[in-house]
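Below: the structure, in structure tokens.
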Amino acid sequence: MVAGKNVLLGVSGGIAVYKAIALTSKLTQQGANVRVMMTPNSTEFVSPLSFQAISRNSVYVDTFDEKDPTQIAHIDVADWADIVIIAPATANIIGKIANGIADDMLSTTLLATLADVYIAPAMNVHMYAHPAVISNMKQLEEWGYHFIEPGDGYLACGYVGKGRLEEPAEIINVINNHQSIDPFLKGKKVLVSAGPTREQIDPVRFFTNRSSGKMGFALAEAAAKRGAEVTLVAGPTEMEVATTAIRREDVTTAEEMFEAMHQHFPASDIVIKAAAVADYRPKRVHHEKMKKQEDDMFIEMQRTKDILQSLGDIKTNQYLVGFAAETSTPLKYGVQKLTKKNLDGIVINNVSTEGAGFGGDTNIVTYVNKHQRQEEIELSTKQEIAEKILTFIDRDMKDEAQ
Ligand code: CTP
């Protein structure tokens, strides 16, 4: 929460500077101690005096304007800040931080601070889409900087599109939500499996299923954001991980997924099996492409190992979560899987419901823990569902520890 925190607001030079005045006002109203640091370019839009009047603190602009000889101002303020917000953040300041450039007071302070930094970009739609800006933002995200996405709408340059500084109230909302996340997962080892498996018939054919991997990737990313050390075992999928904080291991078959999961299982604290694993594979894999015949063809299938069951059987202190994809009486079958596979929680989804199941961006699920406590999650994005599932796991693990 921003209340009671030391907040450094970094203002860089774009037309949206005027919104930073409203942001300063809202931050002080919420009980934050606000100091403002402006780039020289931003002072072309608004005078430092406006920020001084609202923050009731002098405004920093010049690195060499050392008012107190007992301190070095940019280091002092870098240490003082609990939270740094850069709003508006131009392509220029984003580029400077991403490349370690420190040629004015704001960029220098940003290199020196250990505070949480939130960046709210505002720029022309084409600048925002430029590969250099995208690559700089990606780099910063990997280093742990948080971005507050700009909104869509009319831009001062006359274009309509993405690039409008997010509204001050929403910027504070995002920061408050982020700051209130319990660091419970920090340092915990989380193992997630995602996507389908692929079982070869011959060199050009295989059996698979419609799993996209989106749910498992969302879980891995949500856990990484909460500070967990995440290993993601992924079946064949188009998905990419948005952060290098996740260790990804690609596998193809159920057998390879079995091996990878068992390798990482002993050292894991939380294991989430979101993958849609093939239950059967062709008994015989043909090394030459199979030729068609006049008659019908029968392919004999053999059972794969049930990975989740095998993990449930050897579980010690891991919190183990499975998924159940059902088309009828989901709760009944889901709860049966929870008990039979010795799980701590199960995410049950009725894959035949509109908005739920494989491939899509949304899902509707019920989370049931081993004490049969049930939580319904209404139609939500897979990212929102991932956040909620982690919150339930977090709650159960804390209850267990008491
Ligand atoms: N699972 C697994 N290994 C398998 C099959 C499934 O680890 N060979 C896991 C899935 O990752 C999922 C859970 O078991 O977390 C339930 O998968 P689901 O397909 O719903 O159920 P099955 O156990 O395969 O049972 P059924 O097909 O009879 O519904």
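In the structure tokens, the first chain shown is A, the next is B, and so on; residue numbers restart at 1 for each chain, and ligands run from 1 in the order shown.
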Using only C-alpha atoms, what does the table of region 213-267 of chain A residues within 12 Å of region 154-178 of chain A look like, with each row giving the shortest atom pair and its distance in Å to one decimal, sorted by chain and ascending number, as JSON lines?
```
{"residue": "A:Ala222", "atom": "CA", "partner": "A:His178", "partner_atom": "CA", "distance": 11.9}
{"residue": "A:Lys225", "atom": "CA", "partner": "A:His178", "partner_atom": "CA", "distance": 9.8}
{"residue": "A:Arg226", "atom": "CA", "partner": "A:His178", "partner_atom": "CA", "distance": 9.5}
```
Discussion item. Quick one: residues within 6 Å of Ala78 (chain A), only C-alpha atoms, excluding same-chain residues fewer than 5 positions away - as a list in words?
Written reply: Thr109, Ala112 and Thr113 of chain A
Practice prompt. Rounded to one decimal place, report the atom 12 (C, counted along the ligand's line) of ligand 1-CA of Met261 (chain A) distance in Å.
Written response: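 Calculated distance between atom 12 (C, counted along the ligand's line) of ligand 1 and CA of Met261 (chain A) is 12.9 Å.
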Practice prompt. Mind checking which residues fall within 6 Å of Met38 (chain A), counting only C-alpha atoms, ignoring those fewer than 3 positions away in the same chain, and posting them as a list of chain:residue names?
Written response: A:Gly10, A:Val11, A:Val61
Could you turn the residues from that selection into a file that holds C-alpha atoms, as an mmCIF file, in the first residue's frame?
```
data_model
loop_
_atom_site.group_PDB
_atom_site.id
_atom_site.type_symbol
_atom_site.label_atom_id
_atom_site.label_comp_id
_atom_site.auth_asym_id
_atom_site.auth_seq_id
_atom_site.Cartn_x
_atom_site.Cartn_y
_atom_site.Cartn_z
ATOM 1 C CA GLY A 10 9.950 10.469 -11.421
ATOM 2 C CA VAL A 11 8.525 12.692 -14.127
ATOM 3 C CA VAL A 61 15.887 18.401 -11.243
#
```
Discussion item. DSSP on the backbone: which residues in region 334-375 of chain A end up as helix (DSSP H, G or I)? Give the answer as a VMD selection string.
Written reply: chain A and resid 334 to 340
File of the preceding selection, N, CA, C and O atoms, as a PDB file, in the first residue's frame:
```
ATOM      1  N   GLY A 334     -14.230 -35.073 -10.104  1.00  0.00           N
ATOM      2  CA  GLY A 334     -13.074 -34.291  -9.646  1.00  0.00           C
ATOM      3  C   GLY A 334     -12.683 -34.675  -8.237  1.00  0.00           C
ATOM      4  O   GLY A 334     -11.495 -34.906  -7.944  1.00  0.00           O
ATOM      5  N   VAL A 335     -13.673 -34.745  -7.356  1.00  0.00           N
ATOM      6  CA  VAL A 335     -13.381 -35.067  -5.954  1.00  0.00           C
ATOM      7  C   VAL A 335     -12.848 -36.505  -5.837  1.00  0.00           C
ATOM      8  O   VAL A 335     -11.947 -36.789  -5.036  1.00  0.00           O
ATOM      9  N   GLN A 336     -13.369 -37.396  -6.694  1.00  0.00           N
ATOM     10  CA  GLN A 336     -12.833 -38.777  -6.691  1.00  0.00           C
ATOM     11  C   GLN A 336     -11.339 -38.774  -7.034  1.00  0.00           C
ATOM     12  O   GLN A 336     -10.540 -39.473  -6.410  1.00  0.00           O
ATOM     13  N   LYS A 337     -10.948 -37.925  -8.021  1.00  0.00           N
ATOM     14  CA  LYS A 337      -9.525 -37.857  -8.414  1.00  0.00           C
ATOM     15  C   LYS A 337      -8.682 -37.277  -7.287  1.00  0.00           C
ATOM     16  O   LYS A 337      -7.553 -37.718  -7.037  1.00  0.00           O
ATOM     17  N   LEU A 338      -9.242 -36.279  -6.587  1.00  0.00           N
ATOM     18  CA  LEU A 338      -8.532 -35.650  -5.466  1.00  0.00           C
ATOM     19  C   LEU A 338      -8.141 -36.696  -4.422  1.00  0.00           C
ATOM     20  O   LEU A 338      -6.993 -36.748  -3.958  1.00  0.00           O
ATOM     21  N   THR A 339      -9.111 -37.562  -4.090  1.00  0.00           N
ATOM     22  CA  THR A 339      -8.862 -38.557  -3.049  1.00  0.00           C
ATOM     23  C   THR A 339      -7.949 -39.658  -3.568  1.00  0.00           C
ATOM     24  O   THR A 339      -6.953 -40.020  -2.944  1.00  0.00           O
ATOM     25  N   LYS A 340      -8.307 -40.169  -4.756  1.00  0.00           N
ATOM     26  CA  LYS A 340      -7.582 -41.324  -5.281  1.00  0.00           C
ATOM     27  C   LYS A 340      -6.101 -41.001  -5.521  1.00  0.00           C
ATOM     28  O   LYS A 340      -5.228 -41.819  -5.257  1.00  0.00           O
TER      29      LYS A 340
END
```
Worksheet item: Nearest to Thr253 (chain A) among A:Thr304, A:Thr231, A:Thr362, A:Ser180, with distances taken over only C-alpha atoms: which residue is it?
Response: A:Thr304
Discussion item. Neighbours of ligand 1 at 6 Å or closer, counting only C-alpha atoms and all ligand atoms: which residues, as a list in words?
Written reply: Lys273, Ala274, Ala275, Ala276, Val277, Ala278, Asp279, Thr304, Lys305, Asp306, Ile307, Leu308, Gly322, Phe323, Ala324 and Ala325 of chain A
Item to complete: Would you mind telling me which residue in A:Asn6, A:Gln139, A:Ser212, A:Thr316 lies nearest to Phe358 (chain A) when using only C-alpha atoms?
Response: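 Ranked by minimum distance to Phe358 (chain A), first place goes to A:Ser212.
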Worksheet entry | Given only C-alpha atoms as the counted atoms, nearest of A:Ser268, A:Gln179, A:Thr391, A:Thr327 to Tyr118 (chain A) | A:Gln179
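Candidate residues A:Ile93, A:Thr381, A:Asp344, A:Gly235 were compared for distance to Arg210 (chain A), and the nearest is A:Gly235, using only C-alpha atoms.
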Practice prompt. Go through A:Leu49, A:Leu185, A:Asp103, A:Asp152 one by one, measure the shortest atom-to-atom distance of each to Lys398 (chain A) using only C-alpha atoms, and give the residue with the smallest value.
Written response: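 Of the candidates, the smallest distance to Lys398 (chain A) is held by A:Leu185.
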Practice prompt. Any chance you could list, as a VMD selection string, the residues in region 35-157 of chain A that come up strand (DSSP E or B) when DSSP is run on the backbone?
Written response: chain A and resid 35 to 38 60 83 to 89 116 to 121 146 to 147 151 to 154
Worksheet item: What is the CA of Pro88 (chain A) to CA of Phe147 (chain A) distance in Å?
Response: 11.5 Å
For His74 (chain A), please output as a short mmCIF file (atom, residue, chain, number, x, y, z; two decimals) with C-alpha atoms, in the first residue's frame all residues within 10 Å (counting only C-alpha atoms; exclusion window: fewer than 6 positions along the same chain).
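Output (around_7.cif):
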```
data_model
loop_
_atom_site.label_atom_id
_atom_site.label_comp_id
_atom_site.auth_asym_id
_atom_site.auth_seq_id
_atom_site.Cartn_x
_atom_site.Cartn_y
_atom_site.Cartn_z
CA MET A 37 12.12 14.33 -9.42
CA TYR A 60 14.74 17.59 -7.71
CA ASP A 62 19.64 18.97 -11.32
CA THR A 63 22.12 16.34 -10.06
CA PHE A 64 24.63 19.05 -9.21
CA GLU A 66 23.38 19.93 -3.87
CA TRP A 80 14.93 7.03 1.06
CA MET A 105 19.29 13.15 -12.00
CA LEU A 106 16.34 10.81 -12.61
CA SER A 107 18.25 8.20 -14.63
CA THR A 108 21.14 8.34 -12.13
CA THR A 109 18.82 7.89 -9.15
CA LEU A 110 17.10 4.96 -10.87
CA LEU A 111 20.41 3.15 -11.16
CA ALA A 112 21.10 3.72 -7.48
CA THR A 113 17.78 2.71 -5.94
#
```
Practice prompt. Would you list the contacts of Leu311 (chain A) as JSON, numbers by chain, taking every protein, DNA or RNA residue within 8 Å and counting only C-alpha atoms, but skipping same-chain residues closer than 4 positions in sequence?
Written response: {"A": [262, 265, 307, 315]}
Worksheet item: What is the distance between CA of Val285 (chain A) and CA of Pro236 (chain A), in Å to one decimal?
Response: 18.6 Å
Discussion item. Env of Tyr128 (chain A): 12 Å cut, atoms = only C-alpha atoms, seq-sep filter 2 positions within chain, self excluded. Answer as a ChimeraX atom specification.
Written reply: /A:89-92,94-95,120-126,130-137,149-152,155,161-165
Worksheet entry | Counting only C-alpha atoms, the option among A:Ala224, A:Lys5, A:Ser58, A:Ile148 closest to Ala242 (chain A) | A:Ala224
Item to complete: Compile the contact shell of Ile393 (chain A) as number ranges by chain: residues with an atom at most 8 Å away, counting only C-alpha atoms, same-chain residues fewer than 3 positions apart removed.
Response: A: 319, 345, 389-390, 396-397
